[in-house]
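**Student:** Got a structure for you, questions after.
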Amino acid sequence: MSVFESIGALARSKGISDIHIQNNSPLRYREAGILKVHEESVPDGFIEKLLSARLEKDELESFSANGDVDFSLEIGDLRFRVNAFKASAGSGAVMRLIASSTPSITELGLPLAVTRAIENSHGLILVTGATGSGKSTSLASMIRYLNENYAYNIITIEDPIEFVHNSSSSHIIQRQLGADANSFARSLRAALRQDPDVILVGELRDVETISLALTAAETGHLVLATLHTSTAVGAVTRILDVFPAAQQNQVRVQLAQSLLLVLTQNLHRKIDGSGRVASFEVLVNTPPVANLIRENKVYQIENVMQTARADGMVTMQNAIQELLSRGIISGE
């Protein structure tokens, strides 16, 4: 069996999320959150041949200069998000399997507060969590909901494109860094001149992108984006701290006015071994939360979250406790 055949067979197995390949090493794969070893070995030079066959010239140059590159890959009917990298023991890649169809908000079990938030015509929605926690999948389900229910012009800026959306009630334009655009900031600035209703930004990586996202949300657009923070309150802090001290008062006002919701998610192995399940922390920007942001009292937001379940707020501790009490996950 060839390496590609083994990858295809693994990807079709239930519970497989990631496949690890490295020259002169056995295939490895993550099943229900556990990394396992496969009998198939990757031959010497396999990664370089894969990159040469699948990447554009500028992507190959980026890999050569930077030592890693992100791209999407199709093997038959399977799609992957791939990060290829150089390493002392030989080049390798981690392939994240992308679902063949975009799941719905209901299928993912996203909290009701998410649906309420995306039904707003403008504002900022943040999805946060560790790498591999399902942020892109949650964002894709939101785009699916908007596409099915609203006549919007939706522009996505991604690195790389994972879920492919076909226009339905909405018109969807998907742009990929490297292939279609040079940076999130430049693409976001251009998107504001493309008559958007909704803008998805794959990641808020720097102060310029964050500033443009806040402006877009303030000026009548619905903006969806991700951040790498482990808590919802941490997302608020991260946005404020990225700006120089002289700008933070202005940014606090912008964020207090434009923020709709922060969704933080973690994945947990199910107790029955059938896969993984997400826990969701939800911060809704109610008037008390907005006041705390404006007054630079972000540290008090968690206290509000603990007493505002009626507004859709959920702390991560309570979300995990709910899964434990239902017997879905263990306490280990």
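Labels used: A, B, ... for chains in the order of the structure tokens, numbers from 1 for residues in each chain, and numbers from 1 for ligands as shown.
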List as CSV every residue of region 195-314 of chain A that is in contact with region 3-27 of chain A, defined as an atom at most 8 Å from one of its atoms (using only C-alpha atoms), together with the nearest atom pair and the distance in Å rounded to one decimal, sorted by chain and then rising number.

**Tutor:**
```
residue,atom,partner,partner_atom,distance
A:Ser274,CA,A:Gly15,CA,6.9
A:Gly275,CA,A:Gly15,CA,5.2
A:Arg276,CA,A:Gly15,CA,7.9
```

**Student:** Please list as a PyMOL selection string every residue within 12 Å of region 294-300 of chain A, counting only C-alpha atoms and excluding residues in the same chain fewer than 6 positions away.

**Tutor:** chain A and resi 232-241+248-259+283+285+287-288+306-307

**Student:** Using only C-alpha atoms, which residues sit within 10 Å of region 92-103 of chain A once same-chain residues fewer than 3 positions away are excluded, as number ranges by chain?

**Tutor:** A: 7, 11-12, 16-25, 28-30, 42, 45-48, 68-74, 77-87, 89, 106-108, 132, 136-145, 162-165

**Student:** Would you mind telling me which residue in A:Ala179, A:Val201, A:Ala216, A:Ile75 lies nearest to His122 (chain A) when using only C-alpha atoms?

**Tutor:**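 Using only C-alpha atoms, His122 (chain A) sits closest to A:Ala216.
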
**Student:** Applying 7 Å and only C-alpha atoms, which residues near Val277 (chain A) remain after dropping the ones on its own chain fewer than 2 positions away? List them as a list in words.

**Tutor:**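 Counting only the stated atoms, we get Leu267, His268, Arg269, Lys270, Gly275 and Ser279 of chain A.
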
**Student:** Going by DSSP on the backbone, which bits of region 46-181 of chain A are alpha helix (DSSP H)? Write them as a count of residues only, please.

**Tutor:** 45

**Student:** Have a look at A:Val289, A:Ile329, A:Ile34, A:Leu263 and name the one nearest to Leu227 (chain A); count only C-alpha atoms.

**Tutor:**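 Ranking A:Val289, A:Ile329, A:Ile34, A:Leu263 by distance to Leu227 (chain A), first place goes to A:Leu263.
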
**Student:** Applying 10 Å and only C-alpha atoms, which residues near Leu224 (chain A) remain after dropping the ones on its own chain fewer than 5 positions away? List them as a PyMOL selection string.

**Tutor:** chain A and resi 118+123-127+139+142-143+156+198-204+213+217+261

**Student:** Store the residues of this selection in a file with N, CA and C atoms, as an mmCIF file, in the first residue's frame.

**Tutor:**
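The resulting file, out32.cif, is reproduced below:
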```cif
data_model
loop_
_atom_site.group_PDB
_atom_site.id
_atom_site.type_symbol
_atom_site.label_atom_id
_atom_site.label_comp_id
_atom_site.auth_asym_id
_atom_site.auth_seq_id
_atom_site.Cartn_x
_atom_site.Cartn_y
_atom_site.Cartn_z
ATOM 1 N N ILE A 118 -24.862 36.003 15.652
ATOM 2 C CA ILE A 118 -24.634 36.136 14.205
ATOM 3 C C ILE A 118 -25.871 36.659 13.480
ATOM 4 N N GLY A 123 -21.004 44.000 14.033
ATOM 5 C CA GLY A 123 -20.352 43.696 15.299
ATOM 6 C C GLY A 123 -19.262 42.655 15.117
ATOM 7 N N LEU A 124 -18.572 42.347 16.211
ATOM 8 C CA LEU A 124 -17.419 41.451 16.184
ATOM 9 C C LEU A 124 -17.706 40.196 16.993
ATOM 10 N N ILE A 125 -17.484 39.043 16.374
ATOM 11 C CA ILE A 125 -17.602 37.739 17.036
ATOM 12 C C ILE A 125 -16.234 37.081 16.991
ATOM 13 N N LEU A 126 -15.731 36.665 18.154
ATOM 14 C CA LEU A 126 -14.427 36.031 18.254
ATOM 15 C C LEU A 126 -14.586 34.574 18.661
ATOM 16 N N VAL A 127 -13.847 33.693 17.997
ATOM 17 C CA VAL A 127 -13.780 32.284 18.379
ATOM 18 C C VAL A 127 -12.343 32.017 18.798
ATOM 19 N N LEU A 139 -16.451 28.449 12.974
ATOM 20 C CA LEU A 139 -16.649 29.593 12.077
ATOM 21 C C LEU A 139 -17.343 29.167 10.790
ATOM 22 N N MET A 142 -20.997 28.878 11.186
ATOM 23 C CA MET A 142 -21.651 30.192 11.226
ATOM 24 C C MET A 142 -21.837 30.736 9.811
ATOM 25 N N ILE A 143 -20.802 30.573 8.975
ATOM 26 C CA ILE A 143 -20.926 31.010 7.579
ATOM 27 C C ILE A 143 -22.040 30.224 6.891
ATOM 28 N N THR A 156 -14.416 35.859 2.907
ATOM 29 C CA THR A 156 -13.568 35.173 3.880
ATOM 30 C C THR A 156 -12.111 35.326 3.475
ATOM 31 N N VAL A 198 -20.571 40.655 5.520
ATOM 32 C CA VAL A 198 -19.892 39.812 6.507
ATOM 33 C C VAL A 198 -18.456 39.587 6.056
ATOM 34 N N ILE A 199 -17.519 39.698 7.010
ATOM 35 C CA ILE A 199 -16.112 39.416 6.731
ATOM 36 C C ILE A 199 -15.617 38.394 7.746
ATOM 37 N N LEU A 200 -15.042 37.307 7.254
ATOM 38 C CA LEU A 200 -14.400 36.322 8.120
ATOM 39 C C LEU A 200 -12.894 36.491 7.989
ATOM 40 N N VAL A 201 -12.223 36.690 9.119
ATOM 41 C CA VAL A 201 -10.768 36.816 9.154
ATOM 42 C C VAL A 201 -10.226 35.587 9.866
ATOM 43 N N GLY A 202 -9.438 34.796 9.141
ATOM 44 C CA GLY A 202 -8.968 33.531 9.696
ATOM 45 C C GLY A 202 -8.262 33.667 11.021
ATOM 46 N N GLU A 203 -7.508 34.740 11.201
ATOM 47 C CA GLU A 203 -6.803 34.947 12.475
ATOM 48 C C GLU A 203 -6.447 36.415 12.632
ATOM 49 N N LEU A 204 -6.690 36.947 13.831
ATOM 50 C CA LEU A 204 -6.261 38.309 14.155
ATOM 51 C C LEU A 204 -4.834 38.221 14.683
ATOM 52 N N ALA A 213 -10.281 45.209 11.883
ATOM 53 C CA ALA A 213 -11.454 44.411 12.234
ATOM 54 C C ALA A 213 -12.397 45.198 13.133
ATOM 55 N N ALA A 217 -16.220 46.310 12.151
ATOM 56 C CA ALA A 217 -17.359 45.956 12.995
ATOM 57 C C ALA A 217 -18.128 47.194 13.438
ATOM 58 N N LEU A 261 -19.765 38.825 20.926
ATOM 59 C CA LEU A 261 -19.638 37.563 21.653
ATOM 60 C C LEU A 261 -18.231 37.017 21.493
#
```

**Student:** Could you pull out the strand (DSSP E) residues of region 106-308 of chain A, going by DSSP on the backbone, and write them as a ChimeraX atom specification?

**Tutor:** /A:123-128,153-158,171-176,198-201,222-227,259-269,276-284

**Student:** The selected residues should be written to file as a short mmCIF file (atom, residue, chain, number, x, y, z; two decimals), in the first residue's frame (atoms: C-alpha atoms).

**Tutor:**
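Output contents, as saved in part03.cif:
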```
data_model
loop_
_atom_site.label_atom_id
_atom_site.label_comp_id
_atom_site.auth_asym_id
_atom_site.auth_seq_id
_atom_site.Cartn_x
_atom_site.Cartn_y
_atom_site.Cartn_z
CA GLY A 123 -20.35 43.70 15.30
CA LEU A 124 -17.42 41.45 16.18
CA ILE A 125 -17.60 37.74 17.04
CA LEU A 126 -14.43 36.03 18.25
CA VAL A 127 -13.78 32.28 18.38
CA THR A 128 -10.82 31.37 20.56
CA ASN A 153 -22.06 39.45 0.46
CA ILE A 154 -19.67 37.32 2.55
CA ILE A 155 -15.90 37.63 2.16
CA THR A 156 -13.57 35.17 3.88
CA ILE A 157 -9.81 35.61 4.29
CA GLU A 158 -8.20 32.31 5.27
CA HIS A 171 -22.76 35.43 -2.30
CA ILE A 172 -19.50 34.05 -0.86
CA ILE A 173 -15.97 35.08 -1.91
CA GLN A 174 -13.16 33.02 -0.36
CA ARG A 175 -9.58 34.32 -0.49
CA GLN A 176 -6.52 32.36 0.59
CA VAL A 198 -19.89 39.81 6.51
CA ILE A 199 -16.11 39.42 6.73
CA LEU A 200 -14.40 36.32 8.12
CA VAL A 201 -10.77 36.82 9.15
CA LEU A 222 -20.43 41.61 10.81
CA VAL A 223 -16.87 40.41 11.46
CA LEU A 224 -15.99 36.84 12.48
CA ALA A 225 -12.43 36.02 13.55
CA THR A 226 -10.24 33.74 15.65
CA LEU A 227 -7.69 34.38 18.35
CA LEU A 259 -17.96 43.22 20.45
CA LEU A 260 -20.94 40.86 20.29
CA LEU A 261 -19.64 37.56 21.65
CA VAL A 262 -16.53 35.55 22.46
CA LEU A 263 -16.72 31.77 22.10
CA THR A 264 -13.85 29.78 23.61
CA GLN A 265 -13.70 26.05 22.99
CA ASN A 266 -11.79 22.97 24.13
CA LEU A 267 -11.95 19.39 22.90
CA HIS A 268 -12.22 16.40 25.26
CA ARG A 269 -12.06 12.65 24.68
CA ARG A 276 -14.10 13.98 21.03
CA VAL A 277 -16.63 16.52 22.22
CA ALA A 278 -16.31 20.28 22.64
CA SER A 279 -16.90 22.39 25.72
CA PHE A 280 -17.79 26.03 25.12
CA GLU A 281 -17.20 29.12 27.21
CA VAL A 282 -19.45 32.01 26.19
CA LEU A 283 -18.96 35.70 26.89
CA VAL A 284 -21.83 37.90 25.68
#
```

**Student:** Rounded to one decimal place, report the CA of Ala190 (chain A)-CA of Tyr152 (chain A) distance in Å.

**Tutor:**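 Separation between CA of Ala190 (chain A) and CA of Tyr152 (chain A): 17.4 Å.
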
**Student:** Please determine, counting only C-alpha atoms, which residue among A:Leu51, A:Leu110, A:Ala65, A:Ala246 has the shortest atom-to-atom distance to Ala319 (chain A).

**Tutor:**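 For Ala319 (chain A), the nearest of the candidates is A:Leu110.
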
**Student:** Which is closest to Thr229 (chain A) among A:Ser104, A:Ser330, A:Asn149, A:Thr131, if we use only C-alpha atoms?

**Tutor:** A:Thr131
